[in-house]
Every structure is written in structure tokens, then in C-alpha cells.
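Data first, discussion second: the structure below is written as C-alpha cells.
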Amino acid sequence: MKLNHVVESQQFTVPLLMELFERTKSMERTVRRGGTRDYEHAIMGTLFYRPSTRTRFSFESAMYRLGGRVLSTEHAMEFSSEVAGEKLEDTIRIIGHYCDVIVLRHHEEGGAKRAAAVSPVPVISAGDGTGGQHPTQALLDLYTIYRECHTLDGLSVALIGALDQGRTARSLAYLLGKFDRTKLYFIAPEEMQIKPDILEYLEKHGVSYELASDTRDIISHVDVVYQTRIDRERLASKDIDLTPYNIDRAVLEKMRSDAIIMHPLPRSVEIDHAVDDDTRAAYFRQTQNGLYVRMALLTMLLDNE
Ligand code: CP
């Protein structure tokens, strides 16, 4: 199955996801062997208009471990021709002549699709806008669930936090909705609940979901807790109690022994550091999987060239 660009989760079918995950497993072995030189001809350009730690480092590490090279601007708002008013489309056309694949984090929703429409080489979205998508994060999240739960069917998943602007939760909801008997719980303050476009997609595809306002009400019967940050500054009532959206040791005690806690990171106060040593805390293993999934994605795109 041919993959030209990675701009949104919806473009991945279940067979394509399984192909990606097979490659991802082989990338784990490649990294254990010390990497490969198979892609030494390849150059990846990374263009980040917004800050990143995990996504940029893991993509760059992925390319180096494949034997390739990297051209990078980590602060494109300041250190690209954006400052001279250059349009994204022009920048992409030009950078596309200097590299074989472009990884783009853009500040506007739809930026990755605009880039893909004009790019001479594959474009991978590293997240776009505030309420857009972050498809490669969702792919590594799904791979983590697959690795830890040993299935993607019949899972109950709680997505918690500022879900209206949560690019990662939005992208993951699309992916989880592709599997049989998925049940999603969206847990957020009312003004930050998941947007109707996701709910319409789930309804159209017959995926069961519930909107809720307290993690403690559902924690005992989910397989996966997907925690995200809540930016208190966005809340109209700043003194709202955020306890229902936090994970601490008391919440852990109510969780099933085989359930897992995930977070795309960075975190703020929503996961207590006392939770980190619990084997169910999967968020650091999740970041490690990001390397393998991004290596696999790069090879799928570069093998098409
Ligand atoms: N999860 C994630 O996208 O992290 P970064 O912003 O550090 O890339």
C-alpha cells in the first residue's frame, strides 16, 4: 500500500497500520543492532514553526539511525523566510529540492495539507494548529497500546484533558475508531470537551462513546487512560477544581492491574510524579516507541521514492 504523505490519521486503514507496525517491530531490532546504513542516500528536512522536544528529536534520531542525514530549522518562525513574509507553499517547494522528505510542525491548522499539496517530496505532519492533528503521535500511541494491551479490538479508552484543542487526542480518536468494539470516554471540563467533528466521525462509523466529567467515575473499567494537559489559563473560571482530571496514587488504586496510563507529554501537574514508578505508567515507553514508529514511517515514504 502506497503512502505519499502523512497529514492526518484518517488516511490510515487497518491493513496500512498493521504494515507500519510490522516495520516498527523490525526497527526495534535495527536499533538494538546499532542502526543501519540502508538510507545513507537520504536527507530529511525538519521545519518546526512551533517548539518541540520529542517529535523533532525522535524524527532526527530516526533518520540518523537509518543512516540518513538531517537539515533542520527548529525555530522556523524566526529562522526561516517566514520573517520576510514568505508563504509556506514557497518554502516547501524550495526545501523539497534539497531533501527527500520534509517533517513539518506548522502553527496553522491545515498547514501540513497545504504543504503536501505543493511538495515535490513526502511531507509528514509533526502537528498543525492548536486544534488540528498530530498523526505521527497518534501512530506511536496506537503502537504503544498494541504492544502493551496485545490487541486493538474491544478496548475501552479514556481520553482526558483539554480535548477541544488536543491534537494528539483528536488524531488518536480517529485511529481507535477503526477497530472493533472500541469504547471511548472523553473526560474534560465542559468548555474543553472534544469537538463535534470527532463525535460525528465516531457516530458515522458506529463507534461507542460517552462524554464524562470525572476520571474517577470510569477509571476502574478502562484498559487505557490517555491523559493530556489542561491549560488553566484557558478556563473562564480560573478557580475550577481540576482534581477530576488528574492521576495520582489514589486514582491508581482504582485502576485495573492490567490497564495502562499514557500521555503524549510534556506533562504539567495532571500526572503526579509518584505515579511514574508504577508499571502501568507507560508514558516513557511511549516516547521510546516514537523513535521506532518514526523510523518505520520514514522507510515507508522513502521506499516509494
Ligand atoms: N508529544 C509531543 O508532540 O511533544 P513535543 O511537542 O515535545 O514534540
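Within each chain, counting starts at residue 1; across the C-alpha cells, chains are named A, B, ... in the order shown, with ligands numbered 1 upward in that order.
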Could I get the residue neighbourhood of ligand 1 at 10 Å, counting only C-alpha atoms and all ligand atoms, as a compact mmCIF listing (two decimals) with C-alpha atoms, in the first residue's frame?
```txt
# COMPACT_ATOMS: atom_id res chain seq x y z
CA PHE A 48 9.33 23.47 13.05
CA ARG A 50 6.41 25.70 17.00
CA PRO A 51 8.63 24.29 19.78
CA SER A 52 9.11 20.55 20.15
CA THR A 53 11.27 18.19 22.18
CA ARG A 54 10.02 14.65 21.48
CA THR A 55 8.81 14.92 17.90
CA ARG A 56 11.82 16.74 16.48
CA PHE A 57 14.45 14.78 18.40
CA SER A 58 12.85 11.41 17.66
CA PHE A 59 12.50 12.16 13.94
CA ARG A 105 5.18 21.38 12.53
CA ALA A 126 4.57 16.89 13.13
CA GLY A 127 1.39 18.61 14.37
CA HIS A 134 -0.70 15.21 15.27
CA PRO A 135 -0.89 11.98 13.26
CA THR A 136 2.56 10.54 14.00
CA GLN A 137 1.97 10.97 17.74
CA ALA A 138 -1.29 9.04 17.33
CA LEU A 140 3.10 5.87 18.16
CA ASP A 141 0.28 5.99 20.73
CA ARG A 167 -4.22 17.45 18.58
CA THR A 168 -2.97 14.12 19.87
CA THR A 228 -3.26 15.22 28.35
CA HIS A 263 0.47 10.80 27.99
CA PRO A 264 1.90 12.42 24.84
CA LEU A 265 3.97 14.70 27.12
CA PRO A 266 5.09 17.27 28.12
CA ARG A 267 3.07 16.98 31.32
CA GLN A 286 5.56 5.55 24.66
CA THR A 287 8.28 8.11 23.86
CA GLY A 290 8.09 7.16 18.92
```
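When the distance limit is 9 Å and only C-alpha atoms are what count, the residues near Arg170 of chain A, minus those fewer than 3 positions from it on the same chain, are Ser9, Gly131, Gly132, Gln133, His134, Ala138, Leu163, Asp164, Gln165, Gly166, Arg167, Ala173, Tyr174, Ile194, Lys195 and Ile198 of chain A.
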Write out as number ranges by chain the set of residues from segment 122-204 of chain A that DSSP, computed on the backbone, places in helix (DSSP H, G or I).
A: 135-149, 167-176, 190-192, 196-204
Quick check for you: according to DSSP on this backbone, which residues of segment 114-201 of chain A are classed as strand (DSSP E)? Reply as a list in words.
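Residues meeting the strand (DSSP E) criterion: Val123, Ile124, Ser125, Ala126, Gly127, Asp128, Ser156, Val157, Ala158, Leu159, Ile160, Lys183, Leu184, Tyr185, Phe186 and Ile187 of chain A.
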Atoms kept (N, CA and C atoms) for selection, written as a PDB file, in the first residue's frame:
```pdb
ATOM      1  N   VAL A 123       5.613  14.821   2.666  1.00  0.00           N
ATOM      2  CA  VAL A 123       5.517  15.691   3.842  1.00  0.00           C
ATOM      3  C   VAL A 123       4.919  14.875   4.989  1.00  0.00           C
ATOM      4  N   ILE A 124       5.540  14.978   6.162  1.00  0.00           N
ATOM      5  CA  ILE A 124       4.998  14.352   7.371  1.00  0.00           C
ATOM      6  C   ILE A 124       4.615  15.461   8.332  1.00  0.00           C
ATOM      7  N   SER A 125       3.364  15.472   8.750  1.00  0.00           N
ATOM      8  CA  SER A 125       2.943  16.466   9.739  1.00  0.00           C
ATOM      9  C   SER A 125       3.483  16.090  11.109  1.00  0.00           C
ATOM     10  N   ALA A 126       4.118  17.070  11.739  1.00  0.00           N
ATOM     11  CA  ALA A 126       4.572  16.891  13.130  1.00  0.00           C
ATOM     12  C   ALA A 126       3.634  17.663  14.060  1.00  0.00           C
ATOM     13  N   GLY A 127       2.393  17.873  13.597  1.00  0.00           N
ATOM     14  CA  GLY A 127       1.391  18.614  14.367  1.00  0.00           C
ATOM     15  C   GLY A 127       1.079  19.925  13.682  1.00  0.00           C
ATOM     16  N   ASP A 128      -0.237  20.228  13.571  1.00  0.00           N
ATOM     17  CA  ASP A 128      -0.590  21.516  12.955  1.00  0.00           C
ATOM     18  C   ASP A 128      -1.679  22.224  13.750  1.00  0.00           C
ATOM     19  N   SER A 156     -11.449  -0.321  25.902  1.00  0.00           N
ATOM     20  CA  SER A 156     -12.080   0.885  26.458  1.00  0.00           C
ATOM     21  C   SER A 156     -10.970   1.879  26.767  1.00  0.00           C
ATOM     22  N   VAL A 157     -11.100   3.071  26.212  1.00  0.00           N
ATOM     23  CA  VAL A 157     -10.029   4.064  26.348  1.00  0.00           C
ATOM     24  C   VAL A 157     -10.619   5.378  26.861  1.00  0.00           C
ATOM     25  N   ALA A 158     -10.024   5.928  27.933  1.00  0.00           N
ATOM     26  CA  ALA A 158     -10.435   7.234  28.448  1.00  0.00           C
ATOM     27  C   ALA A 158      -9.457   8.284  27.952  1.00  0.00           C
ATOM     28  N   LEU A 159      -9.969   9.301  27.254  1.00  0.00           N
ATOM     29  CA  LEU A 159      -9.125  10.412  26.801  1.00  0.00           C
ATOM     30  C   LEU A 159      -9.475  11.610  27.675  1.00  0.00           C
ATOM     31  N   ILE A 160      -8.454  12.171  28.333  1.00  0.00           N
ATOM     32  CA  ILE A 160      -8.694  13.164  29.397  1.00  0.00           C
ATOM     33  C   ILE A 160      -7.906  14.448  29.114  1.00  0.00           C
ATOM     34  N   LYS A 183     -14.543   1.394  22.793  1.00  0.00           N
ATOM     35  CA  LYS A 183     -15.400   2.291  23.586  1.00  0.00           C
ATOM     36  C   LYS A 183     -14.538   3.465  24.049  1.00  0.00           C
ATOM     37  N   LEU A 184     -14.942   4.681  23.711  1.00  0.00           N
ATOM     38  CA  LEU A 184     -14.163   5.860  24.087  1.00  0.00           C
ATOM     39  C   LEU A 184     -14.908   6.678  25.135  1.00  0.00           C
ATOM     40  N   TYR A 185     -14.174   7.124  26.144  1.00  0.00           N
ATOM     41  CA  TYR A 185     -14.711   8.064  27.134  1.00  0.00           C
ATOM     42  C   TYR A 185     -13.932   9.370  26.976  1.00  0.00           C
ATOM     43  N   PHE A 186     -14.642  10.469  26.773  1.00  0.00           N
ATOM     44  CA  PHE A 186     -13.995  11.781  26.660  1.00  0.00           C
ATOM     45  C   PHE A 186     -14.260  12.523  27.967  1.00  0.00           C
ATOM     46  N   ILE A 187     -13.191  12.805  28.711  1.00  0.00           N
ATOM     47  CA  ILE A 187     -13.328  13.395  30.047  1.00  0.00           C
ATOM     48  C   ILE A 187     -12.651  14.759  30.063  1.00  0.00           C
TER      49      ILE A 187
END
```
Leu16 of chain A surroundings by only C-alpha atoms, 9 Å radius, close-in-sequence under 3 positions cut, as a list of chain:residue names
A:Met1, A:Lys2, A:Leu3, A:Phe12, A:Thr13, A:Glu19, A:Leu20, A:Phe21
Dump as a compact mmCIF listing (two decimals), in the first residue's frame, selection limited to N, CA and C atoms:
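Generated file (again23.txt):
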```txt
# COMPACT_ATOMS: atom_id res chain seq x y z
N MET A 1 0.85 -1.20 0.00
CA MET A 1 0.00 0.00 0.00
C MET A 1 0.89 1.25 0.00
N LYS A 2 0.60 2.19 -0.90
CA LYS A 2 1.50 3.34 -1.07
C LYS A 2 1.12 4.48 -0.12
N LEU A 3 2.12 5.02 0.56
CA LEU A 3 1.91 6.14 1.46
C LEU A 3 2.68 7.32 0.88
N PHE A 12 -5.09 6.47 7.35
CA PHE A 12 -4.55 5.14 7.64
C PHE A 12 -5.67 4.11 7.75
N THR A 13 -5.58 3.07 6.92
CA THR A 13 -6.50 1.94 7.02
C THR A 13 -5.92 0.93 8.02
N GLU A 19 0.81 -2.96 8.55
CA GLU A 19 2.08 -2.95 7.80
C GLU A 19 3.10 -2.05 8.51
N LEU A 20 2.62 -0.88 8.95
CA LEU A 20 3.51 0.04 9.68
C LEU A 20 4.03 -0.61 10.96
N PHE A 21 3.16 -1.31 11.68
CA PHE A 21 3.56 -1.89 12.95
C PHE A 21 4.53 -3.07 12.76
```
So that I can see what lies close to Gly35 of chain A, please list as a list in words the residues with an atom at most 10 Å from it, counting only C-alpha atoms and leaving out residues fewer than 2 positions away in the same chain.
Met27, Glu28, Arg29, Thr30, Val31, Arg32, Arg33, Arg37, Asp38, Ala62, Met63, Tyr64, Arg65, Leu66 and Gly67 of chain A
Atoms kept (N, CA and C atoms) for selection, written as an mmCIF file, in the first residue's frame:
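Produced file part-v2.cif, reproduced below:
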```cif
data_model
loop_
_atom_site.group_PDB
_atom_site.id
_atom_site.type_symbol
_atom_site.label_atom_id
_atom_site.label_comp_id
_atom_site.auth_asym_id
_atom_site.auth_seq_id
_atom_site.Cartn_x
_atom_site.Cartn_y
_atom_site.Cartn_z
ATOM 1 N N MET A 27 12.185 -2.282 13.241
ATOM 2 C CA MET A 27 13.038 -1.135 13.599
ATOM 3 C C MET A 27 13.553 -1.273 15.039
ATOM 4 N N GLU A 28 12.758 -1.873 15.896
ATOM 5 C CA GLU A 28 13.248 -2.113 17.268
ATOM 6 C C GLU A 28 14.507 -2.983 17.201
ATOM 7 N N ARG A 29 14.459 -4.012 16.326
ATOM 8 C CA ARG A 29 15.633 -4.902 16.183
ATOM 9 C C ARG A 29 16.801 -4.128 15.566
ATOM 10 N N THR A 30 16.484 -3.269 14.571
ATOM 11 C CA THR A 30 17.541 -2.474 13.912
ATOM 12 C C THR A 30 18.268 -1.592 14.925
ATOM 13 N N VAL A 31 17.508 -0.961 15.797
ATOM 14 C CA VAL A 31 18.132 -0.074 16.797
ATOM 15 C C VAL A 31 18.990 -0.893 17.762
ATOM 16 N N ARG A 32 18.477 -2.078 18.154
ATOM 17 C CA ARG A 32 19.269 -2.922 19.078
ATOM 18 C C ARG A 32 20.592 -3.331 18.449
ATOM 19 N N ARG A 33 20.591 -3.481 17.092
ATOM 20 C CA ARG A 33 21.833 -3.861 16.391
ATOM 21 C C ARG A 33 22.738 -2.662 16.134
ATOM 22 N N ARG A 37 22.785 1.415 7.612
ATOM 23 C CA ARG A 37 23.233 2.460 6.671
ATOM 24 C C ARG A 37 22.365 2.422 5.413
ATOM 25 N N ASP A 38 21.253 1.698 5.474
ATOM 26 C CA ASP A 38 20.435 1.464 4.283
ATOM 27 C C ASP A 38 19.913 2.753 3.638
ATOM 28 N N ALA A 62 15.696 9.140 14.404
ATOM 29 C CA ALA A 62 15.241 8.081 13.488
ATOM 30 C C ALA A 62 16.035 8.131 12.181
ATOM 31 N N MET A 63 16.182 9.338 11.642
ATOM 32 C CA MET A 63 16.891 9.453 10.357
ATOM 33 C C MET A 63 18.361 9.082 10.500
ATOM 34 N N TYR A 64 18.990 9.529 11.584
ATOM 35 C CA TYR A 64 20.402 9.172 11.798
ATOM 36 C C TYR A 64 20.567 7.659 11.964
ATOM 37 N N ARG A 65 19.625 7.025 12.674
ATOM 38 C CA ARG A 65 19.741 5.578 12.899
ATOM 39 C C ARG A 65 19.477 4.781 11.626
ATOM 40 N N LEU A 66 18.830 5.419 10.651
ATOM 41 C CA LEU A 66 18.637 4.774 9.344
ATOM 42 C C LEU A 66 19.827 5.033 8.421
ATOM 43 N N GLY A 67 20.768 5.830 8.891
ATOM 44 C CA GLY A 67 21.963 6.113 8.094
ATOM 45 C C GLY A 67 21.857 7.411 7.309
#
```
